[in-house]
Amino acid sequence: MCVVRWHHGRQFSARSGSRPHTRGNATWPGRAAHPGTFHGWAHRTEVVPSPTERKNEASDGPRHRRGTAGPAPRGDHHRHRADHRRGRPGRRTGRRPTPERAGGPGATAATRTGAAGAAPAVTRAALDPALVAGRGARVGFVEQEAENAATDGEVIGPDRAAYTLPAEASGRMAVRLLPGQHVEFTLPAAANAITVRYSIPDAPTGGGSTAPLAVAANGRHLRTMTLTSRYGWLYNQYPFSNDPGAGLLHPDWWITECSCVPADTTPYPSIDTPFRPQHFYDEQRLLLGRTYRAGDRIRLTAPAGSSAAWTVIDLLDSELVAPPRIRLRAVNVLALGADPTGHRDAAPAIERAITLARLAKLPVYLPPGVYQVNRHIVVDDVTIEGAGSWYTLIKGHEVTLSEPAPDGSVHTGVGFYGRDAAEGGSHDVHLSGFAIEGDVRERIDTDQVNGIGGAFSDSTFDGLHIRHTKVGIWLDGPMRNVRITNTMIVDQIADGLNLHTGVTDSLVADTVIRNTGDDGLAMWSEGTGNARNTFAHNTVQSPVLANGIAIYGGTDNTVSDNLVADPVREGSALHVGSRFGAEPFTGTLSITDNTTVRAGTYELNWNIGLGAIWVYALDRDIDARIEVTGDAYLDSTYNAIMLVTEWSVKDLYSISDIHFRDVQVDGTGTSVLSARSAGAASFQNVDARNVGAVGVNNCGSFNFTPAGSEFGLTDLGGNDGGWLADWLLPNTITCDDRPPVVPPPPPAAW
């Protein structure tokens, strides 16, 4: 039986760096959206799209991405707005989660107590490392999930519902500590440093709070860390707010909470506050002062007198950090007057060192210390080396400008910037071995408050650690031959890293991206196409908004050997999109040997689940060759693969020439493939198991002609698991967008 349920509306999307934000409107006849609830599983209704649409736009100035309508669900799928929420697979989540005094968002999720005395459980993206061998970033630290450690606290989760603490946690689980409780990790290898990913409550009126966390080793107190929530806890609609009590920022936008446009509704609906809390986590690093052996115990305790009602610990990374790197033949910034204590502005001294280094043809050396920098340092034809990212920290405050800059910025802050591409860009810049820490707590897309920005060619960035900036690295081309390696980008308000406009022959490798407020890694071919770039061996975890890795147009680009886990909303793990005004895809896009886990978010405005990899035609056809080879899609919340075209252009644009080969699908809540577009794809040696619904959900362009779906499938052989049965070929209509979700078992060795 073909069950057609399609909801009319428009989707608008926007991107970060600086992008426009538009709003669509639609309704779903006969259903009122309940916050935090899946829709459409209990009632299967044939819905005829309405001929009317509403479009509202809010432009945020130049250099923004523009999107248009989305695939005929109700409302819009906007990447920068949390206008939907996703329920936990297979059940309704009930009332909308709100911060609770005792537990925070999502604290009512299923809980259990961790087992004391357990052997060290080492994971990668909360998976058995054997399942992802050879994929993701090759790093020096070891990850341990708090839910696998010994604790007298409470394990929260698993839950994948947006706006909850478990959903934003690695592996969708964490440990909640009340004052006096602890979680204890047994070191699996020698370590002298740890990173703690955590969450504590916001202040009642916003702006963040602080709380102590006691660190002990083998029962002996080492240090008390001061945790902060100043860089977390955003609320409301795009561009979000730090005020938990704020009313709707855009009452003229359609929202799921009332299935209405509040400004057009009489009586005006009651909207609970705080509205859509999100971006809960932060992380902090600590050098332990000595090396501890494998088997030693690191205990994190929320002290009995803590001012925080609760402290959530997500994970602990431990590593053996090498001693500080010393560079004798270099221009030492201390000799030019830089203050390594962080009390005085070090920017002038660093700039003097750069000038001298260029004349002497020497690198600049930043010895261990904290260097205060509150503005951009423009770099060209220079090498700057620190003592290592654990020892050399460039840290600054966000500064309000007396008047907006020509690019629209109203703030500045710490960052290393190349010259503008229109001025020829910068060349031969090499940055390594230091950390950049900003002070960005709100999203203003026109602000240039990124860790690294501008245009660079023939340049390298290696061994950096970037956090609390708007975007870790946002490069505006044209530029060529940039190498970004062995870097960590965490706790960002927007993207982790974006190669924007005419970036060519560049590489991002062995980089970890965690807790971003937009795409983790992106290539955006706006205006001028990107070409021959590669994202390889990177790990992207818990993007709070949008996708782990996204490619928007371009020629002959490659995404290979990456590990992407736990996207939260309005996106998924891997994304290919003709949107945001990007140039067309040309040549061959190669997506090879990647692993995704717990991917696929529930798009409440569309009222469907997204695939772990999803290809979306919005601005034009996607007709370049796309080769997806050797990927593994593990524990996908909904589909493993989704191909979708915007409803308003469903009879104009298609997705074709896409080929899946040697792919493993281990667990889907629904189908292996959801085709909601005209076009065609081929499949060879695609093995699937633990599939929750019919293998192929083929809706095509929703015209349902006697000739079958407008989307055709070619079986090239070797497709095991029964998901691609003969009766589905070549274009049988099997359109059921909302089958019951069957949560799969945990992934295992094939």
# chains A, B, ... in the order shown; residues from 1 in each chain; ligands from 1

$ residues_around --residues "Thr714 (chain A)" --least-positions-apart "2" --cutoff "10 Å" --atoms "only C-alpha atoms" --output "list in words"
His659, Ala680, Ala681, Ser682, Phe683, Gln684, Gly712, Leu716, Gly717, Leu724, Leu729, Pro730 and Asn731 of chain A

$ residues_around --residues "Ala550 (chain A)" --least-positions-apart "2" --cutoff "6 Å" --atoms "only C-alpha atoms" --output "JSON, numbers by chain"
{"A": [522, 574, 575, 576]}

$ closest_residue --among "A:Arg290, A:Arg160, A:His250, A:Arg443" --to "Ala193 (chain A)" --atoms "only C-alpha atoms"
A:Arg290

$ closest_residue --among "A:Arg514, A:Lys650, A:Arg569, A:Arg358" --to "Arg197 (chain A)" --atoms "only C-alpha atoms"
A:Arg514

$ atom_distance --atom1 "CA of Leu401 (chain A)" --atom2 "CA of Gln372 (chain A)"
17.8 Å

$ atom_distance --atom1 "CA of Trp614 (chain A)" --atom2 "CA of Asn557 (chain A)"
16.8 Å

$ atom_distance --atom1 "CA of Gly529 (chain A)" --atom2 "CA of Ser457 (chain A)"
16.0 Å

$ select_by_dssp --residues "region 453-700 of chain A" --states "strand (DSSP E)" --output "ChimeraX atom specification"
/A:453-454,456-457,459-462,465-467,473-476,479-480,482-485,488-490,497-500,503-504,507-509,512-514,521-524,534-536,539-541,549-552,554-555,558-560,563-565,574-578,585-586,588-592,595-597,602-603,608-609,613-617,625-629,632-636,641-645,654-668,673-676,678-691,696-698

$ residues_around --residues "region 177-184 of chain A" --least-positions-apart "5" --cutoff "7 Å" --atoms "only C-alpha atoms" --output "short mmCIF file (atom, residue, chain, number, x, y, z; two decimals) with C-alpha atoms, in the first residue's frame"
data_model
loop_
_atom_site.label_atom_id
_atom_site.label_comp_id
_atom_site.auth_asym_id
_atom_site.auth_seq_id
_atom_site.Cartn_x
_atom_site.Cartn_y
_atom_site.Cartn_z
CA ALA A 149 32.89 4.97 34.24
CA ALA A 150 32.31 4.30 37.93
CA THR A 151 29.88 6.77 39.47
CA ASP A 152 27.41 7.34 42.26
CA GLY A 153 25.65 9.82 40.02
CA GLU A 154 22.93 9.16 37.49
CA ARG A 297 42.12 6.59 38.78
CA ILE A 298 40.98 10.12 37.96
CA ARG A 299 37.94 11.16 39.98
CA LEU A 300 35.78 14.18 39.16
CA THR A 301 33.61 15.34 42.05
CA ALA A 302 30.95 18.01 42.29
CA PRO A 303 31.84 19.33 45.76
CA ALA A 304 29.18 19.11 48.44
CA GLY A 305 29.04 22.88 48.65
CA SER A 306 28.80 23.45 44.91
CA ALA A 309 22.33 22.24 41.35
CA TRP A 310 23.85 19.64 39.03
CA THR A 311 26.95 18.99 36.99
CA VAL A 312 26.79 16.81 33.90
#

$ closest_residue --among "A:Ala133, A:Leu563, A:Leu634, A:Val490" --to "Val691 (chain A)" --atoms "only C-alpha atoms"
A:Leu634

$ residues_around --residues "Ser199 (chain A)" --least-positions-apart "6" --cutoff "9 Å" --atoms "only C-alpha atoms" --output "PyMOL selection string"
chain A and resi 165+227-229+232+280-283+310-314

$ write_last_selection --atoms "N, CA and C atoms" --output "PDB file, in the first residue's frame"
ATOM      1  N   LEU A 165      19.784  17.507  27.231  1.00  0.00           N
ATOM      2  CA  LEU A 165      21.185  17.256  27.533  1.00  0.00           C
ATOM      3  C   LEU A 165      21.696  15.949  26.942  1.00  0.00           C
ATOM      4  N   LEU A 227      34.372  25.463  36.456  1.00  0.00           N
ATOM      5  CA  LEU A 227      33.565  25.279  35.258  1.00  0.00           C
ATOM      6  C   LEU A 227      32.725  26.525  35.011  1.00  0.00           C
ATOM      7  N   THR A 228      32.382  26.749  33.762  1.00  0.00           N
ATOM      8  CA  THR A 228      31.547  27.900  33.423  1.00  0.00           C
ATOM      9  C   THR A 228      30.515  27.517  32.373  1.00  0.00           C
ATOM     10  N   SER A 229      29.381  28.165  32.436  1.00  0.00           N
ATOM     11  CA  SER A 229      28.367  28.011  31.387  1.00  0.00           C
ATOM     12  C   SER A 229      28.198  29.304  30.604  1.00  0.00           C
ATOM     13  N   GLY A 232      27.746  28.601  26.837  1.00  0.00           N
ATOM     14  CA  GLY A 232      26.685  27.688  26.440  1.00  0.00           C
ATOM     15  C   GLY A 232      25.326  28.339  26.631  1.00  0.00           C
ATOM     16  N   PHE A 280      24.423  23.176  25.247  1.00  0.00           N
ATOM     17  CA  PHE A 280      24.591  23.037  26.695  1.00  0.00           C
ATOM     18  C   PHE A 280      26.039  22.841  27.137  1.00  0.00           C
ATOM     19  N   TYR A 281      26.864  22.257  26.285  1.00  0.00           N
ATOM     20  CA  TYR A 281      28.153  21.744  26.757  1.00  0.00           C
ATOM     21  C   TYR A 281      29.310  22.694  26.479  1.00  0.00           C
ATOM     22  N   ASP A 282      30.352  22.493  27.240  1.00  0.00           N
ATOM     23  CA  ASP A 282      31.617  23.179  27.062  1.00  0.00           C
ATOM     24  C   ASP A 282      32.693  22.182  27.477  1.00  0.00           C
ATOM     25  N   GLU A 283      33.941  22.512  27.253  1.00  0.00           N
ATOM     26  CA  GLU A 283      34.996  21.632  27.731  1.00  0.00           C
ATOM     27  C   GLU A 283      36.164  22.429  28.244  1.00  0.00           C
ATOM     28  N   TRP A 310      23.381  20.883  39.641  1.00  0.00           N
ATOM     29  CA  TRP A 310      23.850  19.639  39.028  1.00  0.00           C
ATOM     30  C   TRP A 310      25.033  19.942  38.129  1.00  0.00           C
ATOM     31  N   THR A 311      25.831  18.935  37.912  1.00  0.00           N
ATOM     32  CA  THR A 311      26.953  18.991  36.986  1.00  0.00           C
ATOM     33  C   THR A 311      26.883  17.749  36.119  1.00  0.00           C
ATOM     34  N   VAL A 312      26.833  17.938  34.820  1.00  0.00           N
ATOM     35  CA  VAL A 312      26.786  16.806  33.901  1.00  0.00           C
ATOM     36  C   VAL A 312      28.170  16.618  33.289  1.00  0.00           C
ATOM     37  N   ILE A 313      28.681  15.398  33.375  1.00  0.00           N
ATOM     38  CA  ILE A 313      29.961  15.044  32.759  1.00  0.00           C
ATOM     39  C   ILE A 313      29.665  14.144  31.570  1.00  0.00           C
ATOM     40  N   ASP A 314      30.151  14.540  30.410  1.00  0.00           N
ATOM     41  CA  ASP A 314      29.921  13.768  29.196  1.00  0.00           C
ATOM     42  C   ASP A 314      31.061  12.785  28.943  1.00  0.00           C
TER      43      ASP A 314
END

$ select_by_dssp --residues "region 310-505 of chain A" --states "alpha helix (DSSP H)" --output "list in words"
Ala347, Pro348, Ala349, Ile350, Glu351, Arg352, Ala353, Ile354, Thr355, Leu356, Ala357, Arg358, Leu359 and Ala360 of chain A

$ write_last_selection --atoms "N, CA and C atoms" --output "PDB file, in the first residue's frame"
ATOM      1  N   ALA A 347      49.332  42.024  21.643  1.00  0.00           N
ATOM      2  CA  ALA A 347      49.233  42.137  20.185  1.00  0.00           C
ATOM      3  C   ALA A 347      50.329  43.014  19.584  1.00  0.00           C
ATOM      4  N   PRO A 348      50.619  44.204  20.140  1.00  0.00           N
ATOM      5  CA  PRO A 348      51.679  45.026  19.523  1.00  0.00           C
ATOM      6  C   PRO A 348      53.030  44.315  19.505  1.00  0.00           C
ATOM      7  N   ALA A 349      53.361  43.609  20.572  1.00  0.00           N
ATOM      8  CA  ALA A 349      54.649  42.910  20.616  1.00  0.00           C
ATOM      9  C   ALA A 349      54.689  41.778  19.605  1.00  0.00           C
ATOM     10  N   ILE A 350      53.594  41.065  19.450  1.00  0.00           N
ATOM     11  CA  ILE A 350      53.561  39.981  18.465  1.00  0.00           C
ATOM     12  C   ILE A 350      53.706  40.554  17.060  1.00  0.00           C
ATOM     13  N   GLU A 351      53.075  41.671  16.807  1.00  0.00           N
ATOM     14  CA  GLU A 351      53.205  42.289  15.478  1.00  0.00           C
ATOM     15  C   GLU A 351      54.622  42.782  15.229  1.00  0.00           C
ATOM     16  N   ARG A 352      55.280  43.312  16.256  1.00  0.00           N
ATOM     17  CA  ARG A 352      56.685  43.719  16.083  1.00  0.00           C
ATOM     18  C   ARG A 352      57.553  42.494  15.784  1.00  0.00           C
ATOM     19  N   ALA A 353      57.256  41.392  16.451  1.00  0.00           N
ATOM     20  CA  ALA A 353      58.014  40.161  16.213  1.00  0.00           C
ATOM     21  C   ALA A 353      57.799  39.662  14.784  1.00  0.00           C
ATOM     22  N   ILE A 354      56.589  39.778  14.285  1.00  0.00           N
ATOM     23  CA  ILE A 354      56.305  39.354  12.909  1.00  0.00           C
ATOM     24  C   ILE A 354      57.090  40.198  11.916  1.00  0.00           C
ATOM     25  N   THR A 355      57.142  41.509  12.141  1.00  0.00           N
ATOM     26  CA  THR A 355      57.882  42.396  11.242  1.00  0.00           C
ATOM     27  C   THR A 355      59.361  42.046  11.237  1.00  0.00           C
ATOM     28  N   LEU A 356      59.927  41.838  12.421  1.00  0.00           N
ATOM     29  CA  LEU A 356      61.347  41.507  12.518  1.00  0.00           C
ATOM     30  C   LEU A 356      61.632  40.142  11.903  1.00  0.00           C
ATOM     31  N   ALA A 357      60.743  39.177  12.142  1.00  0.00           N
ATOM     32  CA  ALA A 357      60.947  37.824  11.612  1.00  0.00           C
ATOM     33  C   ALA A 357      60.948  37.817  10.095  1.00  0.00           C
ATOM     34  N   ARG A 358      60.096  38.597   9.478  1.00  0.00           N
ATOM     35  CA  ARG A 358      60.073  38.655   8.017  1.00  0.00           C
ATOM     36  C   ARG A 358      61.369  39.246   7.478  1.00  0.00           C
ATOM     37  N   LEU A 359      61.895  40.258   8.163  1.00  0.00           N
ATOM     38  CA  LEU A 359      63.151  40.855   7.722  1.00  0.00           C
ATOM     39  C   LEU A 359      64.310  39.884   7.889  1.00  0.00           C
ATOM     40  N   ALA A 360      64.304  39.149   9.011  1.00  0.00           N
ATOM     41  CA  ALA A 360      65.402  38.233   9.312  1.00  0.00           C
ATOM     42  C   ALA A 360      65.198  36.856   8.705  1.00  0.00           C
TER      43      ALA A 360
END

$ decode --residues "region 705-729 of chain A" --atoms "C-alpha atoms" --output "PDB file, in the first residue's frame"
ATOM      1  CA  THR A 705       2.058   8.069 -12.391  1.00  0.00           C
ATOM      2  CA  PRO A 706       1.130   4.615 -13.708  1.00  0.00           C
ATOM      3  CA  ALA A 707       4.708   4.331 -14.988  1.00  0.00           C
ATOM      4  CA  GLY A 708       5.944   4.332 -11.416  1.00  0.00           C
ATOM      5  CA  SER A 709       8.245   6.596  -9.485  1.00  0.00           C
ATOM      6  CA  GLU A 710      10.295   9.293 -11.168  1.00  0.00           C
ATOM      7  CA  PHE A 711      13.307   7.877  -9.306  1.00  0.00           C
ATOM      8  CA  GLY A 712      14.942   4.773 -10.718  1.00  0.00           C
ATOM      9  CA  LEU A 713      17.226   2.278  -8.978  1.00  0.00           C
ATOM     10  CA  THR A 714      19.834   0.127 -10.704  1.00  0.00           C
ATOM     11  CA  ASP A 715      20.984  -3.061  -8.990  1.00  0.00           C
ATOM     12  CA  LEU A 716      24.564  -3.799 -10.065  1.00  0.00           C
ATOM     13  CA  GLY A 717      24.731  -6.888  -7.882  1.00  0.00           C
ATOM     14  CA  GLY A 718      26.037  -7.981  -4.511  1.00  0.00           C
ATOM     15  CA  ASN A 719      23.457  -6.044  -2.471  1.00  0.00           C
ATOM     16  CA  ASP A 720      22.923  -8.281   0.554  1.00  0.00           C
ATOM     17  CA  GLY A 721      20.399  -8.225   3.346  1.00  0.00           C
ATOM     18  CA  GLY A 722      17.230  -8.315   1.260  1.00  0.00           C
ATOM     19  CA  TRP A 723      16.773  -4.563   1.312  1.00  0.00           C
ATOM     20  CA  LEU A 724      16.878  -4.169  -2.495  1.00  0.00           C
ATOM     21  CA  ALA A 725      14.361  -6.801  -3.494  1.00  0.00           C
ATOM     22  CA  ASP A 726      13.524  -7.439  -7.151  1.00  0.00           C
ATOM     23  CA  TRP A 727      10.012  -6.110  -6.741  1.00  0.00           C
ATOM     24  CA  LEU A 728      11.422  -2.667  -5.854  1.00  0.00           C
ATOM     25  CA  LEU A 729      13.179  -2.354  -9.220  1.00  0.00           C
TER      26      LEU A 729
END
